[in-house]
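Engineer: Here you go, this is entry.csv (CSV, C-alpha atoms).
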```
chain,number,residue,atom,x,y,z
A,1311,MET,CA,0.0,0.0,0.0
A,1312,LYS,CA,2.8,2.3,0.9
A,1313,ILE,CA,4.5,1.8,-2.4
A,1314,VAL,CA,1.3,2.7,-4.3
A,1315,LYS,CA,1.2,5.9,-2.3
A,1316,ILE,CA,4.8,6.8,-3.1
A,1317,ILE,CA,4.2,6.1,-6.8
A,1318,ALA,CA,1.1,8.3,-6.8
A,1319,VAL,CA,2.9,11.2,-5.1
A,1320,VAL,CA,5.9,10.9,-7.5
A,1321,LEU,CA,3.5,11.0,-10.5
A,1322,LEU,CA,1.7,13.9,-9.1
A,1323,VAL,CA,5.0,15.8,-8.5
A,1324,ALA,CA,6.1,15.0,-12.0
A,1325,PHE,CA,2.8,16.1,-13.5
A,1326,VAL,CA,3.0,19.4,-11.6
A,1327,GLY,CA,6.7,19.7,-12.6
A,1328,ILE,CA,6.1,19.4,-16.4
A,1329,GLN,CA,3.6,22.2,-16.2
A,1330,PHE,CA,6.5,24.6,-15.9
A,1331,VAL,CA,8.1,23.5,-19.2
A,1332,PRO,CA,7.3,26.2,-21.7
A,1333,THR,CA,5.7,25.5,-25.0
A,1334,GLU,CA,5.7,27.5,-28.2
A,1335,ARG,CA,2.3,29.1,-28.9
A,1336,ASN,CA,1.1,29.3,-32.5
A,1337,GLN,CA,-0.8,32.6,-32.4
A,1338,SER,CA,-0.8,35.7,-34.6
A,1339,ASP,CA,-3.3,38.5,-35.4
A,1340,VAL,CA,-1.7,39.2,-38.8
A,1341,VAL,CA,-3.1,37.5,-41.9
A,1342,PRO,CA,-0.3,37.9,-44.4
A,1343,LYS,CA,-0.9,39.0,-48.0
A,1344,THR,CA,0.1,35.5,-49.1
A,1345,ASP,CA,-2.8,33.8,-47.4
A,1346,PHE,CA,-4.7,31.2,-49.4
A,1347,MET,CA,-8.1,33.0,-48.9
A,1348,LEU,CA,-6.7,36.4,-50.0
A,1349,VAL,CA,-5.1,35.3,-53.3
A,1350,ASN,CA,-7.9,32.9,-54.3
A,1351,SER,CA,-11.5,33.6,-54.7
A,1352,VAL,CA,-12.8,31.0,-52.3
A,1353,PRO,CA,-16.6,30.4,-52.0
A,1354,ASP,CA,-17.9,31.1,-48.4
A,1355,HIS,CA,-18.8,27.5,-47.5
A,1356,ILE,CA,-15.4,26.2,-48.6
A,1357,LYS,CA,-13.7,29.1,-46.8
A,1358,SER,CA,-15.4,28.3,-43.5
A,1359,LYS,CA,-14.8,24.6,-43.9
A,1360,LEU,CA,-11.1,25.1,-44.5
A,1361,GLN,CA,-10.8,27.5,-41.6
A,1362,THR,CA,-12.6,25.2,-39.2
A,1363,SER,CA,-11.0,21.9,-40.3
A,1364,CYS,CA,-7.5,22.9,-41.5
A,1365,TYR,CA,-6.3,26.3,-40.2
A,1366,ASP,CA,-5.6,25.2,-36.6
A,1367,CYS,CA,-2.6,23.2,-37.7
A,1368,HIS,CA,-1.9,24.6,-41.2
A,1369,SER,CA,-1.7,28.4,-40.5
A,1370,ASN,CA,0.1,30.8,-38.1
A,1371,ASN,CA,-3.0,31.0,-35.8
A,1372,THR,CA,-4.4,28.2,-33.8
A,1373,GLN,CA,-7.7,28.5,-32.0
A,1374,TYR,CA,-6.5,26.6,-28.9
A,1375,PRO,CA,-8.9,24.4,-26.9
A,1376,TRP,CA,-9.3,25.1,-23.2
A,1377,TYR,CA,-7.0,22.3,-22.2
A,1378,ASN,CA,-4.2,23.5,-24.3
A,1379,LYS,CA,-2.1,24.7,-21.4
A,1380,VAL,CA,-2.1,21.4,-19.6
A,1381,GLN,CA,1.0,19.3,-20.1
A,1382,PRO,CA,1.6,16.8,-21.7
A,1383,ILE,CA,-1.3,17.7,-24.0
A,1384,ALA,CA,0.3,21.0,-24.9
A,1385,TRP,CA,3.4,19.1,-26.1
A,1386,PHE,CA,1.3,16.9,-28.2
A,1387,LEU,CA,-0.5,19.8,-29.8
A,1388,GLU,CA,2.8,21.7,-30.3
A,1389,ASP,CA,4.2,18.8,-32.2
A,1390,HIS,CA,1.2,18.4,-34.5
A,1391,ILE,CA,1.1,22.1,-35.3
A,1392,LYS,CA,4.8,22.2,-36.1
A,1393,GLU,CA,4.5,19.2,-38.4
A,1394,GLY,CA,1.3,20.5,-40.0
A,1395,LYS,CA,2.8,23.9,-40.8
A,1396,ALA,CA,5.9,22.4,-42.2
A,1397,GLU,CA,3.8,20.4,-44.7
A,1398,LEU,CA,1.5,23.2,-45.6
A,1399,ASN,CA,0.9,26.7,-44.3
A,1400,PHE,CA,-2.1,28.3,-45.8
A,1401,ASN,CA,-0.9,31.7,-44.6
A,1402,GLU,CA,2.1,31.5,-46.9
A,1403,TRP,CA,0.3,30.0,-49.9
A,1404,ASP,CA,1.3,32.6,-52.4
A,1405,SER,CA,5.0,32.3,-51.7
A,1406,LEU,CA,4.9,28.9,-53.3
A,1407,SER,CA,5.7,28.5,-57.0
A,1408,ASN,CA,3.0,27.2,-59.3
A,1409,ARG,CA,4.6,23.8,-59.4
A,1410,ARG,CA,4.6,23.6,-55.6
A,1411,LYS,CA,1.0,24.9,-55.4
A,1412,LYS,CA,-0.2,22.2,-57.8
A,1413,SER,CA,1.7,19.6,-55.8
A,1414,LYS,CA,0.2,20.8,-52.5
A,1415,LEU,CA,-3.3,20.9,-54.0
A,1416,ARG,CA,-2.9,17.3,-55.2
A,1417,SER,CA,-1.8,16.3,-51.8
A,1418,ILE,CA,-4.8,18.1,-50.2
A,1419,ILE,CA,-7.2,16.2,-52.5
A,1420,LYS,CA,-5.5,12.8,-51.7
A,1421,GLN,CA,-5.5,13.4,-47.9
A,1422,ILE,CA,-9.2,14.5,-47.8
A,1423,GLU,CA,-10.2,11.7,-50.2
A,1424,SER,CA,-8.6,9.0,-48.2
A,1425,ASP,CA,-9.8,10.5,-44.8
A,1426,LYS,CA,-6.3,10.9,-43.6
A,1427,MET,CA,-7.0,14.5,-42.9
A,1428,PRO,CA,-8.3,16.0,-40.7
A,1429,LEU,CA,-6.7,13.7,-38.1
A,1430,ASP,CA,-8.9,11.4,-36.1
A,1431,SER,CA,-7.4,12.8,-32.9
A,1432,TYR,CA,-8.5,16.2,-34.0
A,1433,THR,CA,-12.0,15.5,-35.1
A,1434,LEU,CA,-12.6,13.5,-31.9
A,1435,ILE,CA,-12.8,16.8,-30.1
A,1436,HIS,CA,-13.5,19.2,-32.9
A,1437,LYS,CA,-16.7,17.6,-34.2
A,1438,ASP,CA,-17.4,20.4,-36.6
A,1439,ALA,CA,-14.0,19.8,-38.3
A,1440,SER,CA,-14.9,16.4,-39.8
A,1441,PHE,CA,-16.2,16.2,-43.4
A,1442,SER,CA,-19.5,14.8,-44.5
A,1443,GLU,CA,-19.5,12.9,-47.7
A,1444,THR,CA,-21.1,15.9,-49.5
A,1445,GLU,CA,-18.7,18.4,-48.0
A,1446,LYS,CA,-15.8,16.1,-49.1
A,1447,GLN,CA,-17.0,16.0,-52.7
A,1448,GLU,CA,-17.6,19.7,-52.8
A,1449,LEU,CA,-14.2,20.5,-51.5
A,1450,ILE,CA,-12.4,18.1,-53.7
A,1451,LYS,CA,-14.2,19.3,-56.8
A,1452,TRP,CA,-13.3,22.9,-56.0
A,1453,VAL,CA,-9.7,22.1,-55.2
A,1454,GLU,CA,-9.5,20.2,-58.5
A,1455,GLN,CA,-10.7,23.2,-60.4
A,1456,LEU,CA,-8.2,25.5,-58.7
A,1457,LYS,CA,-5.4,23.0,-59.5
A,1458,ASP,CA,-6.4,22.9,-63.1
A,1459,SER,CA,-6.5,26.7,-63.3
A,1460,ILE,CA,-2.9,27.0,-62.2
B,213,MET,CA,12.9,10.3,5.8
B,214,LYS,CA,9.9,9.1,3.7
B,215,ASN,CA,9.4,12.7,2.3
B,216,PHE,CA,13.0,13.0,1.5
B,217,LYS,CA,13.0,9.8,-0.5
B,218,MET,CA,9.9,10.8,-2.4
B,219,SER,CA,11.3,14.2,-3.4
B,220,ILE,CA,14.5,12.5,-4.6
B,221,ALA,CA,12.4,10.2,-6.8
B,222,ALA,CA,10.4,13.1,-8.2
B,223,MET,CA,13.6,15.1,-9.0
B,224,LEU,CA,15.0,12.0,-10.8
B,225,LEU,CA,11.9,11.8,-12.9
B,226,LEU,CA,12.1,15.5,-13.8
B,227,ALA,CA,15.8,15.1,-14.6
B,228,VAL,CA,15.1,12.2,-16.9
B,229,SER,CA,12.5,14.1,-18.9
B,230,PHE,CA,14.7,17.2,-19.3
B,231,THR,CA,17.7,15.1,-20.5
B,232,ASN,CA,15.4,13.4,-23.0
B,233,ALA,CA,14.3,16.8,-24.4
B,234,GLN,CA,17.9,17.9,-24.7
B,235,GLU,CA,18.9,14.7,-26.4
B,236,LYS,CA,16.2,15.2,-29.0
B,237,GLU,CA,17.5,18.6,-29.7
B,238,LYS,CA,21.0,17.4,-30.1
B,239,MET,CA,19.9,14.7,-32.5
B,240,ASN,CA,18.3,17.2,-34.7
B,241,HIS,CA,21.4,19.3,-34.6
B,242,ASP,CA,23.6,16.4,-35.7
B,243,HIS,CA,21.3,15.6,-38.5
B,244,GLY,CA,21.8,19.1,-39.9
B,245,THR,CA,25.6,18.9,-39.9
B,246,MET,CA,25.5,15.5,-41.5
B,247,LYS,CA,23.5,16.8,-44.4
B,248,MET,CA,26.1,19.6,-44.9
B,249,ASP,CA,29.0,17.2,-45.0
B,250,HIS,CA,27.2,15.1,-47.5
B,251,SER,CA,26.8,17.9,-50.0
B,252,LYS,CA,30.4,18.9,-49.5
B,253,MET,CA,31.6,15.4,-50.2
B,254,MET,CA,29.7,15.1,-53.5
B,255,ASN,CA,32.1,17.2,-55.5
B,256,MET,CA,31.4,16.0,-59.0
B,257,ASN,CA,30.3,17.9,-62.0
B,258,ASN,CA,26.6,18.8,-62.7
B,259,ASP,CA,25.8,16.1,-65.2
B,260,ALA,CA,27.0,13.4,-62.9
B,261,LYS,CA,24.7,14.8,-60.2
B,262,ALA,CA,21.7,14.8,-62.5
B,263,GLU,CA,22.6,11.2,-63.5
B,264,ALA,CA,22.9,10.2,-59.9
B,265,ILE,CA,19.4,11.6,-59.3
B,266,LEU,CA,18.1,9.6,-62.3
B,267,ASN,CA,19.8,6.5,-61.1
B,268,ASP,CA,18.2,6.8,-57.6
B,269,TYR,CA,14.8,7.5,-59.3
B,270,PHE,CA,15.1,4.3,-61.3
B,271,ASN,CA,16.0,2.3,-58.2
B,272,LEU,CA,12.9,3.7,-56.5
B,273,LYS,CA,10.8,2.9,-59.5
B,274,ASP,CA,12.0,-0.7,-59.5
B,275,ALA,CA,11.2,-1.0,-55.8
B,276,LEU,CA,7.6,0.1,-56.5
B,277,VAL,CA,7.4,-2.3,-59.5
B,278,GLY,CA,8.5,-5.0,-57.0
B,279,ASP,CA,5.8,-4.0,-54.4
B,280,ASP,CA,8.6,-3.5,-51.9
B,281,THR,CA,7.6,-0.7,-49.5
B,282,LYS,CA,10.7,-0.9,-47.4
B,283,LYS,CA,13.1,-0.8,-50.3
B,284,ALA,CA,11.1,2.0,-51.9
B,285,ALA,CA,11.4,4.0,-48.6
B,286,GLN,CA,15.2,3.5,-48.6
B,287,GLU,CA,15.5,4.5,-52.2
B,288,GLY,CA,13.3,7.5,-51.6
B,289,ALA,CA,15.7,8.7,-48.8
B,290,LYS,CA,18.7,8.1,-51.1
B,291,LEU,CA,17.0,10.1,-53.9
B,292,ALA,CA,16.2,13.0,-51.4
B,293,ALA,CA,19.9,13.1,-50.5
B,294,SER,CA,21.0,13.2,-54.2
B,295,LEU,CA,18.5,15.9,-54.9
B,296,LYS,CA,19.8,18.0,-52.1
B,297,ALA,CA,23.3,17.6,-53.5
B,298,PHE,CA,22.4,18.9,-56.9
B,299,ASP,CA,24.2,22.0,-57.9
B,300,ALA,CA,22.7,24.2,-60.6
B,301,SER,CA,25.4,26.9,-60.7
B,302,SER,CA,26.5,26.1,-64.3
B,303,TYR,CA,23.0,26.7,-65.7
B,304,THR,CA,21.5,30.0,-66.9
B,305,ALA,CA,19.7,32.1,-64.3
B,306,GLU,CA,16.3,31.2,-65.7
B,307,GLU,CA,17.2,27.5,-65.7
B,308,GLN,CA,18.5,27.8,-62.2
B,309,LYS,CA,15.2,29.2,-61.0
B,310,GLU,CA,13.3,26.4,-62.7
B,311,LEU,CA,15.7,23.7,-61.4
B,312,ALA,CA,15.5,25.0,-57.8
B,313,ASP,CA,11.8,24.8,-58.0
B,314,ILE,CA,11.8,21.3,-59.4
B,315,ILE,CA,14.4,20.1,-56.9
B,316,GLU,CA,12.5,21.5,-54.0
B,317,ASP,CA,9.3,19.9,-55.0
B,318,ALA,CA,10.9,16.6,-55.9
B,319,THR,CA,12.8,16.5,-52.6
B,320,GLU,CA,9.6,16.8,-50.6
B,321,HIS,CA,8.0,13.9,-52.6
B,322,ALA,CA,11.1,11.8,-52.1
B,323,GLU,CA,11.1,12.5,-48.4
B,324,HIS,CA,7.4,11.5,-48.1
B,325,ILE,CA,8.1,8.3,-50.0
B,326,ALA,CA,10.9,7.6,-47.4
B,327,LYS,CA,8.3,7.5,-44.6
B,328,SER,CA,5.0,6.2,-46.1
B,329,GLU,CA,3.2,3.1,-46.9
B,330,MET,CA,2.9,1.8,-50.5
B,331,SER,CA,-0.3,3.5,-51.7
B,332,HIS,CA,1.0,6.9,-50.4
B,333,GLN,CA,4.4,6.2,-52.0
B,334,ARG,CA,2.8,5.7,-55.3
B,335,GLU,CA,0.8,8.9,-55.0
B,336,HIS,CA,3.9,10.9,-54.5
B,337,PHE,CA,5.8,8.9,-57.2
B,338,LYS,CA,3.4,10.3,-59.8
B,339,THR,CA,4.2,14.0,-59.1
B,340,LEU,CA,7.9,13.1,-58.5
B,341,SER,CA,8.0,11.5,-62.0
B,342,LYS,CA,6.7,14.8,-63.5
B,343,ASP,CA,9.4,16.7,-61.6
B,344,ILE,CA,12.2,14.3,-62.7
B,345,SER,CA,11.1,14.5,-66.4
B,346,ASP,CA,11.0,18.3,-66.2
B,347,MET,CA,14.5,18.2,-64.7
B,348,VAL,CA,15.8,16.0,-67.5
B,349,ALA,CA,14.3,18.4,-70.1
B,350,ILE,CA,16.8,21.0,-68.7
B,351,THR,CA,19.8,18.9,-67.7
B,352,GLY,CA,19.7,16.3,-70.4
B,353,THR,CA,21.1,12.8,-69.9
B,354,GLU,CA,23.5,10.5,-71.5
B,355,SER,CA,21.3,7.5,-71.7
B,356,THR,CA,18.1,6.8,-73.6
B,357,LEU,CA,15.0,7.2,-71.5
B,358,TYR,CA,11.4,6.1,-72.1
B,359,GLU,CA,8.4,8.0,-70.9
B,360,GLN,CA,5.8,5.3,-70.1
B,361,PHE,CA,2.1,5.8,-69.4
B,362,CYS,CA,-0.5,3.9,-67.5
B,363,PRO,CA,-4.0,5.2,-68.4
B,364,MET,CA,-5.6,3.5,-65.3
B,365,TYR,CA,-3.8,5.0,-62.4
B,366,ASP,CA,-5.3,8.3,-61.0
B,367,GLY,CA,-6.7,9.4,-64.4
B,368,GLY,CA,-3.6,8.5,-66.3
B,369,SER,CA,0.0,8.6,-64.9
B,370,SER,CA,3.5,8.7,-66.5
B,371,TRP,CA,6.9,7.6,-65.3
B,372,LEU,CA,10.4,7.3,-66.7
B,373,SER,CA,12.3,4.1,-67.4
B,374,SER,CA,15.7,3.2,-68.8
B,375,SER,CA,14.1,0.2,-70.6
B,376,ASP,CA,11.5,0.2,-73.3
B,377,GLN,CA,9.8,-2.8,-71.6
B,378,VAL,CA,6.8,-1.7,-69.5
B,379,ARG,CA,6.9,-2.6,-65.8
B,380,ASN,CA,4.2,-0.7,-64.0
B,381,PRO,CA,5.4,1.1,-60.8
B,382,TYR,CA,1.8,2.2,-59.9
B,383,TYR,CA,0.3,-1.3,-59.7
B,384,GLY,CA,3.3,-3.6,-59.4
B,385,SER,CA,2.5,-7.3,-59.6
B,386,LYS,CA,-1.2,-6.5,-59.9
B,387,MET,CA,-0.8,-5.2,-63.4
B,388,LEU,CA,2.8,-5.5,-64.1
B,389,LYS,CA,2.8,-4.9,-67.9
B,390,CYS,CA,-0.1,-2.5,-68.1
B,391,GLY,CA,0.9,0.7,-69.9
B,392,LYS,CA,2.7,1.8,-73.0
B,393,VAL,CA,5.8,3.8,-74.1
B,394,LYS,CA,4.6,7.3,-74.8
B,395,GLU,CA,7.9,8.9,-75.8
B,396,THR,CA,11.5,8.1,-76.3
B,397,ILE,CA,13.9,10.7,-74.8
B,398,ASN,CA,17.3,11.0,-76.5
```
Take the structure in the file and write it out as structure tokens.
Structural biologist:
Amino acid sequence: MKIVKIIAVVLLVAFVGIQFVPTERNQSDVVPKTDFMLVNSVPDHIKSKLQTSCYDCHSNNTQYPWYNKVQPIAWFLEDHIKEGKAELNFNEWDSLSNRRKKSKLRSIIKQIESDKMPLDSYTLIHKDASFSETEKQELIKWVEQLKDSI
Amino acid sequence: MKNFKMSIAAMLLLAVSFTNAQEKEKMNHDHGTMKMDHSKMMNMNNDAKAEAILNDYFNLKDALVGDDTKKAAQEGAKLAASLKAFDASSYTAEEQKELADIIEDATEHAEHIAKSEMSHQREHFKTLSKDISDMVAITGTESTLYEQFCPMYDGGSSWLSSSDQVRNPYYGSKMLKCGKVKETIN
């Protein structure tokens, strides 16, 4: 019994301890001129879908959930956002060459089509981020058109 | 005494997690210097570097033809390294710009192939093939290449081969000989 108590206390101390480890916050008020929405004419329903489902990890501004400051969840989020932005940052869209844009659009289509994005761990909490079959088809069709226009 | 022991245990746990984080940082750092050394080491002329890229691309293609995910991942990583080692300085300014763009795109696809499963590797191989054939259009090559085409995969997809015999990298053993030679280069 004593050992259980000790372990519990150690875990608690560790949990409190890691709360002091700082994390990088992905937040910005500035929407750069290169933003995807500013350089493309995006229909409203596509715009809001992209913003809800993609921008948290693929832009410079994350709408953090309430638990975002609790470690180790904050680490987990930080990691995902870093990785997401490295793959694709909608805020920096227009700094890409046409070749790169086409490449990214193709990847967007494939990821949405195969349900790899948005991540399950994300839609689990952000219910409104998941795509219905109709929304999926609409988005894919629109992205295809954009890709062919480049 | 009991309290003392517990705080020691807690401190240890914290120390371990800090060292872990530092170690991770160090690893990333080493990785960066390794890449630099690699590009310094490859001190051949331009054509040889383009040929090296082509060679890695063909090895990757063969791994996909053989349905070998692991091999394809290894070849993808090799290709990414060769792409990074490419030096466009002997080309015209316009070509350099185009080449830099091609190489950047191709590198990303090669890196993805290095860490994905087969279906995803093949998706990236399609765009990669376009990049490589655009690169060859600028750099040229000493060997004869065949642009081959499979009408079934993703609305029609091309790839390059050094042989005129069709071996399909998009379907592998499922449809090994599906496709045709679209164009002979050189």
Engineer: Which residue out of A:Tyr1432, A:Trp1452, A:Phe1346, A:Trp1385 has the minimum interatomic distance to chain B when all atoms listed in the file are used?
Structural biologist: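 Checking each candidate against chain B, we get A:Trp1385 as the closest.
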Engineer: Would you give me, as a ChimeraX atom specification, the residues of chain A that come within 12 Å of chain B, using only C-alpha atoms?
Structural biologist: /A:1312-1332,1382,1385,1396-1398,1405-1421,1424,1426
Engineer: Go ahead and find all residues with at least one atom no further than 10 Å from (7.2, 2.7, -73.5) in the file's coordinates, using only C-alpha atoms; report them as a count of residues only.
Structural biologist: 22
Engineer: Between CA of Leu1449 in chain A and CA of Pro1342 in chain A, what is the distance in Å, rounded to a tenth?
Structural biologist: 23.4 Å
Engineer: Using all atoms of range 1366-1373 of chain A that appear in the file, construct an axis-aligned enclosing box with 6 Å of padding on every side and provide its centre coordinates and edge lengths in Å, rounded to one decimal, as lines of an AutoDock Vina configuration file.
Structural biologist:
```
center_x = -3.8
center_y = 27.1
center_z = -36.6
size_x = 19.8
size_y = 19.8
size_z = 21.2
```
Engineer: Given all atoms listed in the file as the basis, pick out the residue of A:Ile1391, A:Met1347, A:Gln1381, A:Gln1447 nearest to Cys1367 in chain A.
Structural biologist: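 Of the candidates, the smallest distance to Cys1367 in chain A is held by A:Ile1391.
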Engineer: Just to confirm, what's the straight-line distance from CA of Ser1431 in chain A to CA of Ile1450 in chain A in Å (one decimal)?
Structural biologist: 22.0 Å
Engineer: My list of candidates is A:Glu1448, A:Ser1369, A:Lys1395, A:Gln1337. Which is closest to Pro1353 in chain A when distances are computed with only C-alpha atoms?
Structural biologist: A:Glu1448
Engineer: With all atoms listed in the file as the basis for distance, which of B:Lys309, B:Lys386, B:Lys282, B:His324 is at the shortest distance from Met347 in chain B?
Structural biologist: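 Of all the options, B:Lys309 lies closest to Met347 in chain B.
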Engineer: Could you tell me which of A:Phe1441, A:Phe1386, A:Tyr1374, A:Tyr1365 comes closest to Arg1335 in chain A if we count only C-alpha atoms?
Structural biologist: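 Once distances to Arg1335 in chain A are computed over only C-alpha atoms, the minimum belongs to A:Tyr1374.
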Engineer: Around (-0.7, 31.0, -37.3) in the file's own coordinates, what residues are found within 9 Å if you use all atoms listed in the file, given back as a VMD selection string?
Structural biologist: chain A and resid 1336 to 1341 1365 to 1372 1395 1399 1401
Engineer: Thr281 in chain B: which residues within 9 Å, counting only C-alpha atoms, same-chain residues fewer than 2 positions away excluded, as a list of chain:residue names?
Structural biologist: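 Once the nearby chain positions are removed, what remains is B:Ala275, B:Leu276, B:Gly278, B:Asp279, B:Lys283, B:Ala284, B:Ala285, B:Gln286, B:Ser328, B:Glu329, B:Met330, B:Gln333.
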Engineer: Rounded to one decimal, what separation in Å do you get between CA of His1355 in chain A and CA of Ser1440 in chain A?
Structural biologist: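 CA of His1355 in chain A sits 14.1 Å away from CA of Ser1440 in chain A.
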Engineer: What lies within 8 Å of Ile315 in chain B using all atoms listed in the file, ignoring chain neighbours under 3 positions off, as a list in words?
Structural biologist: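 Contacts, with the query itself left out: Leu295, Lys296, Leu311, Ala312, Ala318, Thr319 and Asp343 of chain B.
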Engineer: With C-alpha atoms retained, write the just-selected residues as a PDB file, in the frame of the given file.
Structural biologist:
```pdb
ATOM      1  CA  LEU B 295      18.500  15.900 -54.900  1.00  0.00           C
ATOM      2  CA  LYS B 296      19.800  18.000 -52.100  1.00  0.00           C
ATOM      3  CA  LEU B 311      15.700  23.700 -61.400  1.00  0.00           C
ATOM      4  CA  ALA B 312      15.500  25.000 -57.800  1.00  0.00           C
ATOM      5  CA  ALA B 318      10.900  16.600 -55.900  1.00  0.00           C
ATOM      6  CA  THR B 319      12.800  16.500 -52.600  1.00  0.00           C
ATOM      7  CA  ASP B 343       9.400  16.700 -61.600  1.00  0.00           C
TER       8      ASP B 343
END
```
Engineer: Can you take range 352-370 of chain B from the block and write N, CA and C atoms as a tab-separated table (two decimals), in the first residue's frame?
Structural biologist:
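Printed below is selection.tsv as written:
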```tsv
chain	number	residue	atom	x	y	z
B	352	GLY	N	19.34	17.32	-69.44
B	352	GLY	CA	19.70	16.31	-70.42
B	352	GLY	C	20.25	15.08	-69.72
B	353	THR	N	20.47	14.02	-70.47
B	353	THR	CA	21.06	12.81	-69.89
B	353	THR	C	21.81	12.05	-70.96
B	354	GLU	N	22.74	11.22	-70.52
B	354	GLU	CA	23.55	10.49	-71.50
B	354	GLU	C	22.83	9.26	-72.03
B	355	SER	N	21.92	8.73	-71.23
B	355	SER	CA	21.27	7.48	-71.65
B	355	SER	C	19.91	7.75	-72.31
B	356	THR	N	19.42	6.74	-72.98
B	356	THR	CA	18.10	6.84	-73.59
B	356	THR	C	17.04	6.54	-72.55
B	357	LEU	N	16.03	7.41	-72.47
B	357	LEU	CA	14.96	7.20	-71.49
B	357	LEU	C	13.63	6.97	-72.22
B	358	TYR	N	12.75	6.28	-71.55
B	358	TYR	CA	11.42	6.05	-72.11
B	358	TYR	C	10.38	6.61	-71.16
B	359	GLU	N	9.54	7.50	-71.67
B	359	GLU	CA	8.43	7.96	-70.86
B	359	GLU	C	7.29	6.99	-71.08
B	360	GLN	N	6.85	6.35	-70.02
B	360	GLN	CA	5.79	5.35	-70.13
B	360	GLN	C	4.53	5.84	-69.45
B	361	PHE	N	3.42	5.25	-69.82
B	361	PHE	CA	2.14	5.81	-69.40
B	361	PHE	C	1.15	4.71	-69.05
B	362	CYS	N	0.51	4.86	-67.90
B	362	CYS	CA	-0.54	3.93	-67.50
B	362	CYS	C	-1.84	4.72	-67.45
B	363	PRO	N	-2.82	4.39	-68.32
B	363	PRO	CA	-4.05	5.18	-68.38
B	363	PRO	C	-4.97	4.95	-67.18
B	364	MET	N	-4.69	3.89	-66.41
B	364	MET	CA	-5.62	3.52	-65.33
B	364	MET	C	-5.36	4.24	-64.01
B	365	TYR	N	-4.12	4.46	-63.68
B	365	TYR	CA	-3.81	4.99	-62.36
B	365	TYR	C	-4.11	6.49	-62.27
B	366	ASP	N	-5.00	6.85	-61.36
B	366	ASP	CA	-5.30	8.25	-61.05
B	366	ASP	C	-5.53	9.10	-62.30
B	367	GLY	N	-6.40	8.62	-63.17
B	367	GLY	CA	-6.73	9.39	-64.37
B	367	GLY	C	-5.63	9.45	-65.41
B	368	GLY	N	-4.68	8.53	-65.33
B	368	GLY	CA	-3.57	8.51	-66.29
B	368	GLY	C	-2.29	9.05	-65.66
B	369	SER	N	-1.25	8.22	-65.61
B	369	SER	CA	-0.02	8.64	-64.94
B	369	SER	C	1.21	8.17	-65.71
B	370	SER	N	2.22	9.03	-65.72
B	370	SER	CA	3.45	8.71	-66.46
B	370	SER	C	4.58	8.36	-65.51
```
